[in-house]
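Chemist: So here's coords.cif (mmCIF, C-alpha atoms).
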data_protein
loop_
_atom_site.label_atom_id
_atom_site.label_comp_id
_atom_site.auth_asym_id
_atom_site.auth_seq_id
_atom_site.Cartn_x
_atom_site.Cartn_y
_atom_site.Cartn_z
CA MET A 9 0.00 0.00 0.00
CA ALA A 10 2.67 2.51 1.04
CA GLY A 11 4.69 1.87 -2.10
CA GLN A 12 1.62 2.26 -4.30
CA LEU A 13 0.86 5.67 -2.78
CA LYS A 14 4.39 6.96 -3.41
CA GLU A 15 4.18 5.83 -7.06
CA GLN A 16 1.25 8.23 -7.56
CA MET A 17 3.17 11.14 -6.06
CA VAL A 18 6.08 13.47 -6.71
CA THR A 19 8.38 15.09 -4.17
CA PHE A 20 7.11 18.49 -3.08
CA LEU A 21 9.59 19.24 -0.25
CA THR A 22 12.73 17.24 0.53
CA GLN A 23 13.94 16.38 4.03
CA GLU A 24 16.58 19.11 3.66
CA GLU A 25 14.04 21.75 2.61
CA ILE A 26 11.80 20.79 5.55
CA ALA A 27 14.78 21.03 7.94
CA THR A 28 15.54 24.55 6.64
CA LEU A 29 11.92 25.65 7.17
CA VAL A 30 11.91 24.21 10.71
CA GLU A 31 15.21 25.99 11.46
CA GLU A 32 13.72 29.31 10.28
CA LEU A 33 10.63 28.80 12.45
CA ALA A 34 12.85 27.97 15.44
CA GLN A 35 14.92 31.14 14.98
CA GLN A 36 11.77 33.32 14.85
CA ILE A 37 10.37 31.67 17.99
CA GLU A 38 13.68 32.01 19.87
CA SER A 39 13.87 35.66 18.91
CA ASP A 40 10.30 36.40 20.03
CA TYR A 41 10.53 34.46 23.31
CA HIS A 42 14.15 35.20 24.27
CA GLY A 43 14.65 34.37 27.96
CA LYS A 44 11.13 32.98 28.37
CA GLU A 45 9.75 29.48 28.75
CA VAL A 46 7.36 28.21 26.08
CA ILE A 47 4.87 25.36 26.06
CA PHE A 48 4.45 23.63 22.72
CA ILE A 49 1.03 22.08 22.15
CA CYS A 50 1.14 19.25 19.63
CA PRO A 51 -2.19 18.25 18.07
CA LEU A 52 -1.98 14.51 17.41
CA ARG A 53 -1.22 12.75 15.24
CA GLY A 54 0.09 14.76 12.29
CA SER A 55 2.08 17.38 14.18
CA MET A 56 4.37 15.03 16.09
CA HIS A 57 7.17 15.19 13.50
CA ILE A 58 7.38 18.98 13.30
CA THR A 59 6.91 19.36 17.05
CA ALA A 60 9.81 17.00 17.79
CA ASP A 61 12.07 18.68 15.22
CA LEU A 62 11.13 22.18 16.35
CA MET A 63 11.73 21.34 20.01
CA ARG A 64 15.25 20.14 19.20
CA LYS A 65 15.99 23.41 17.35
CA VAL A 66 14.46 25.91 19.81
CA ASP A 67 17.02 26.76 22.48
CA LEU A 68 14.61 27.94 25.18
CA LEU A 69 13.19 26.48 28.37
CA GLN A 70 10.28 24.46 27.08
CA GLN A 71 7.57 21.94 27.80
CA VAL A 72 5.39 19.96 25.45
CA ASP A 73 1.88 18.61 25.77
CA PHE A 74 -0.40 16.76 23.41
CA VAL A 75 -4.02 17.16 22.42
CA TYR A 76 -6.07 14.89 20.19
CA LEU A 77 -9.14 16.37 18.53
CA GLN A 78 -11.55 14.68 16.16
CA ALA A 79 -14.24 16.03 13.89
CA VAL A 80 -17.39 14.16 14.85
CA GLU A 81 -18.63 14.51 11.27
CA LYS A 82 -17.37 16.34 8.19
CA GLY A 83 -17.94 20.04 8.77
CA GLY A 84 -19.59 19.25 12.11
CA ALA A 85 -18.72 19.40 15.78
CA ILE A 86 -15.23 18.74 17.09
CA LYS A 87 -14.62 16.64 20.17
CA ILE A 88 -11.62 16.42 22.48
CA VAL A 89 -10.36 12.83 22.56
CA LYS A 90 -7.30 13.76 24.67
CA ASP A 91 -6.99 17.16 26.32
CA ILE A 92 -3.78 18.81 27.49
CA SER A 93 -2.67 17.94 31.01
CA VAL A 94 -0.28 20.83 31.73
CA ASN A 95 -1.53 24.05 33.34
CA ILE A 96 -1.03 26.81 30.72
CA ALA A 97 -2.43 29.70 32.81
CA GLY A 98 -0.02 32.62 32.56
CA LYS A 99 2.30 30.68 30.22
CA HIS A 100 3.53 31.32 26.67
CA VAL A 101 1.84 28.71 24.50
CA ILE A 102 2.58 27.79 20.88
CA ILE A 103 0.32 25.41 18.97
CA VAL A 104 2.46 23.52 16.45
CA GLU A 105 0.76 22.33 13.26
CA GLU A 106 2.14 20.46 10.27
CA ILE A 107 -0.46 22.11 8.01
CA ILE A 108 -3.37 24.52 8.38
CA ASP A 109 -6.15 23.59 5.99
CA THR A 110 -9.78 24.55 6.76
CA GLY A 111 -8.81 25.92 10.18
CA ARG A 112 -11.87 24.40 11.87
CA THR A 113 -10.07 22.13 14.34
CA LEU A 114 -7.39 24.75 14.97
CA SER A 115 -10.02 27.43 15.71
CA PHE A 116 -11.68 25.08 18.17
CA LEU A 117 -8.33 24.31 19.83
CA ARG A 118 -7.32 27.97 20.02
CA SER A 119 -10.62 28.87 21.74
CA ARG A 120 -10.24 25.92 24.12
CA LEU A 121 -6.70 27.02 25.07
CA PHE A 122 -7.63 30.73 25.39
CA ALA A 123 -10.17 29.64 28.03
CA SER A 124 -7.21 28.53 30.20
CA ALA A 125 -5.80 32.10 30.27
CA PRO A 126 -2.30 31.71 28.80
CA ALA A 127 0.01 34.77 28.88
CA SER A 128 0.24 34.44 25.09
CA LEU A 129 -1.01 32.00 22.48
CA LYS A 130 0.56 31.72 19.05
CA ILE A 131 0.39 29.26 16.19
CA ALA A 132 3.32 27.82 14.24
CA THR A 133 2.78 25.78 11.09
CA LEU A 134 5.08 24.16 8.60
CA LEU A 135 2.59 24.57 5.75
CA ASP A 136 -0.27 27.02 5.36
CA LYS A 137 -2.98 26.33 2.78
CA PRO A 138 -5.19 29.47 2.88
CA ALA A 139 -7.21 28.48 -0.21
CA ARG A 140 -9.03 25.86 1.88
CA ARG A 141 -9.71 28.06 4.91
CA GLU A 142 -13.28 27.96 6.24
CA LEU A 143 -12.61 30.03 9.36
CA PRO A 144 -10.47 33.19 9.52
CA ILE A 145 -7.45 31.90 11.40
CA LYS A 146 -3.86 32.90 10.76
CA ALA A 147 -0.60 31.38 11.95
CA ASP A 148 2.01 33.59 13.62
CA TYR A 149 4.87 31.48 12.26
CA ILE A 150 4.60 29.99 8.77
CA GLY A 151 7.22 27.76 7.17
CA LYS A 152 5.72 27.90 3.68
CA THR A 153 2.41 28.99 2.16
CA ILE A 154 1.19 26.55 -0.46
CA ASP A 155 -1.61 26.49 -3.01
CA ASP A 156 -4.52 24.06 -2.77
CA ARG A 157 -2.72 20.76 -3.26
CA TYR A 158 -2.93 17.39 -1.53
CA VAL A 159 0.24 16.67 0.45
CA VAL A 160 1.44 13.51 2.21
CA GLY A 161 4.48 12.81 4.38
CA TYR A 162 6.22 14.30 7.43
CA GLY A 163 3.15 13.67 9.56
CA MET A 164 0.53 14.22 6.86
CA ASP A 165 -1.31 11.13 5.71
CA SER A 166 -3.66 9.64 3.18
CA GLU A 167 -5.95 7.44 5.28
CA GLU A 168 -3.10 6.90 7.77
CA VAL A 169 -0.57 6.01 5.04
CA GLY A 170 2.49 8.19 4.50
CA ARG A 171 2.90 9.96 7.86
CA ASN A 172 6.34 8.33 8.19
CA TYR A 173 7.71 9.58 4.84
CA PRO A 174 10.68 11.91 5.48
CA ASN A 175 9.83 14.02 2.41
CA ILE A 176 6.52 15.70 1.61
CA TYR A 177 4.86 14.52 -1.57
CA THR A 178 2.04 15.80 -3.74
CA MET A 179 -0.10 13.94 -6.26
CA LYS A 180 1.09 13.66 -9.85
CA ASN A 181 -1.26 15.53 -12.17
#
Written as structure tokens, that's how I'd like the structure from this file.
Modeler:
Amino acid sequence: MAGQLKEQMVTFLTQEEIATLVEELAQQIESDYHGKEVIFICPLRGSMHITADLMRKVDLLQQVDFVYLQAVEKGGAIKIVKDISVNIAGKHVIIVEEIIDTGRTLSFLRSRLFASAPASLKIATLLDKPARRELPIKADYIGKTIDDRYVVGYGMDSEEVGRNYPNIYTMKN
């Protein structure tokens, strides 16, 4: 199955290009939060790759926590499968996304986290796909803005296949 998927795709971003984008995001975050502690919030499952890489690059005091959200139905309600466990009140929080697509789940998560009164709440994303946005949400840190294309790899999947690919691929046209 995994091999068949790759055969239908072409490389969009290489491992090296991804590493450069992550490094640039890390430098911006370090600059903005110099001398402060940050808490990275990693929405499971897709964001685990970028969160891990970003954490290794950001030279600040830091914590990480995980949240798992699921759309109950397409375009419908969102439920919390696993909530964060760390207290973020008065803390500097950064939600780390691999890609922002419709923005629905991210909007829900941002509202949920704002309710816990963080000192600041920002969003970092490797890829931003504004053409698909349904809700007006913007990332504070963007690795790369892309057009409306289907991408797989580096945490992004096609029915759970491809998350482990080190490169990011797009469908052949």
Chemist: Selected by the PyMOL selection byres ((chain A and resi 32-40) around 12) in the shown coordinates: which residues, as JSON, numbers by chain?
Modeler: {"A": [25, 26, 27, 28, 29, 30, 31, 41, 42, 43, 44, 45, 46, 47, 48, 58, 59, 60, 61, 62, 63, 64, 65, 66, 67, 68, 69, 70, 100, 101, 102, 103, 104, 105, 128, 130, 131, 132, 133, 134, 135, 147, 148, 149, 150, 151, 152]}
Chemist: One decimal, in Å: what's the spacing between CA of Asp73 (chain A) and CA of Gly98 (chain A)?
Modeler: 15.7 Å
Chemist: When distances are computed from all atoms listed in the file, which of A:Gly163, A:Leu52, A:Leu143, A:Ser93 shows the smallest separation from Gln78 (chain A)?
Modeler: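 Ranked by minimum distance to Gln78 (chain A), first place goes to A:Leu52.
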Chemist: For Lys180 (chain A), please output as an mmCIF file with C-alpha atoms, keeping the file's coordinate frame all residues within 8 Å (counting all atoms listed in the file; exclusion window: fewer than 3 positions along the same chain).
Modeler:
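Final output, result-v1.cif:
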data_model
loop_
_atom_site.group_PDB
_atom_site.id
_atom_site.type_symbol
_atom_site.label_atom_id
_atom_site.label_comp_id
_atom_site.auth_asym_id
_atom_site.auth_seq_id
_atom_site.Cartn_x
_atom_site.Cartn_y
_atom_site.Cartn_z
ATOM 1 C CA GLN A 16 1.250 8.230 -7.560
ATOM 2 C CA MET A 17 3.170 11.140 -6.060
ATOM 3 C CA VAL A 18 6.080 13.470 -6.710
#
Chemist: Name the closest residue to Glu142 (chain A) among the candidates A:Asp156, A:Gly161, A:Ser166, A:Thr110; distances are taken between atoms, counting all atoms listed in the file.
Modeler: A:Thr110
Chemist: Out of A:Ala139, A:Val169, A:Ala127, A:Val160, which residue has the shortest atom-to-atom distance to Thr19 (chain A) when counting all atoms listed in the file?
Modeler: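 Among A:Ala139, A:Val169, A:Ala127, A:Val160, it is A:Val160 that comes nearest to Thr19 (chain A).
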Chemist: What does the PyMOL selection byres ((chain A and resi 125) around 8) select in this file, as a PyMOL selection string?
Modeler: chain A and resi 96-98+121-124+126-127
Chemist: How far is it from CA of Leu129 (chain A) to CA of Leu77 (chain A), in Å with one decimal?
Modeler: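 CA of Leu77 (chain A) lies at a distance of 18.1 Å from CA of Leu129 (chain A).
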Chemist: With the file shown as input, list the residues that the PyMOL selection byres ((chain A and resi 92) around 9) selects, as a PyMOL selection string.
Modeler: chain A and resi 49+73-76+90-91+93-95
Chemist: Can you patch up region 139-155 of chain A, filling it in to N, CA and C atoms, and show the result as a CSV table (one decimal), in the coordinates of the input?
Modeler:
chain,number,residue,atom,x,y,z
A,139,ALA,N,-6.1,28.7,0.8
A,139,ALA,CA,-7.2,28.5,-0.2
A,139,ALA,C,-8.3,27.6,0.3
A,140,ARG,N,-8.0,26.8,1.3
A,140,ARG,CA,-9.0,25.9,1.9
A,140,ARG,C,-9.7,26.4,3.2
A,141,ARG,N,-9.3,27.6,3.6
A,141,ARG,CA,-9.7,28.1,4.9
A,141,ARG,C,-11.2,28.3,5.0
A,142,GLU,N,-11.9,27.7,6.0
A,142,GLU,CA,-13.3,28.0,6.2
A,142,GLU,C,-13.5,29.0,7.4
A,143,LEU,N,-12.5,29.1,8.3
A,143,LEU,CA,-12.6,30.0,9.4
A,143,LEU,C,-11.4,30.9,9.3
A,144,PRO,N,-11.6,32.2,9.7
A,144,PRO,CA,-10.5,33.2,9.5
A,144,PRO,C,-9.4,33.0,10.6
A,145,ILE,N,-8.5,32.1,10.4
A,145,ILE,CA,-7.4,31.9,11.4
A,145,ILE,C,-6.1,32.0,10.7
A,146,LYS,N,-5.2,32.7,11.3
A,146,LYS,CA,-3.9,32.9,10.8
A,146,LYS,C,-2.8,32.4,11.7
A,147,ALA,N,-1.7,31.8,11.1
A,147,ALA,CA,-0.6,31.4,12.0
A,147,ALA,C,0.3,32.6,12.2
A,148,ASP,N,1.0,32.6,13.3
A,148,ASP,CA,2.0,33.6,13.6
A,148,ASP,C,3.4,33.3,13.0
A,149,TYR,N,3.6,32.0,12.8
A,149,TYR,CA,4.9,31.5,12.3
A,149,TYR,C,4.5,30.5,11.2
A,150,ILE,N,4.9,30.8,9.9
A,150,ILE,CA,4.6,30.0,8.8
A,150,ILE,C,5.9,29.6,8.1
A,151,GLY,N,6.1,28.3,7.9
A,151,GLY,CA,7.2,27.8,7.2
A,151,GLY,C,7.1,28.1,5.7
A,152,LYS,N,5.9,27.7,5.1
A,152,LYS,CA,5.7,27.9,3.7
A,152,LYS,C,4.2,28.0,3.4
A,153,THR,N,3.8,28.9,2.6
A,153,THR,CA,2.4,29.0,2.2
A,153,THR,C,2.3,28.2,0.8
A,154,ILE,N,1.3,27.4,0.8
A,154,ILE,CA,1.2,26.6,-0.5
A,154,ILE,C,-0.2,26.8,-1.1
A,155,ASP,N,-0.3,26.4,-2.4
A,155,ASP,CA,-1.6,26.5,-3.0
A,155,ASP,C,-2.4,25.3,-2.6
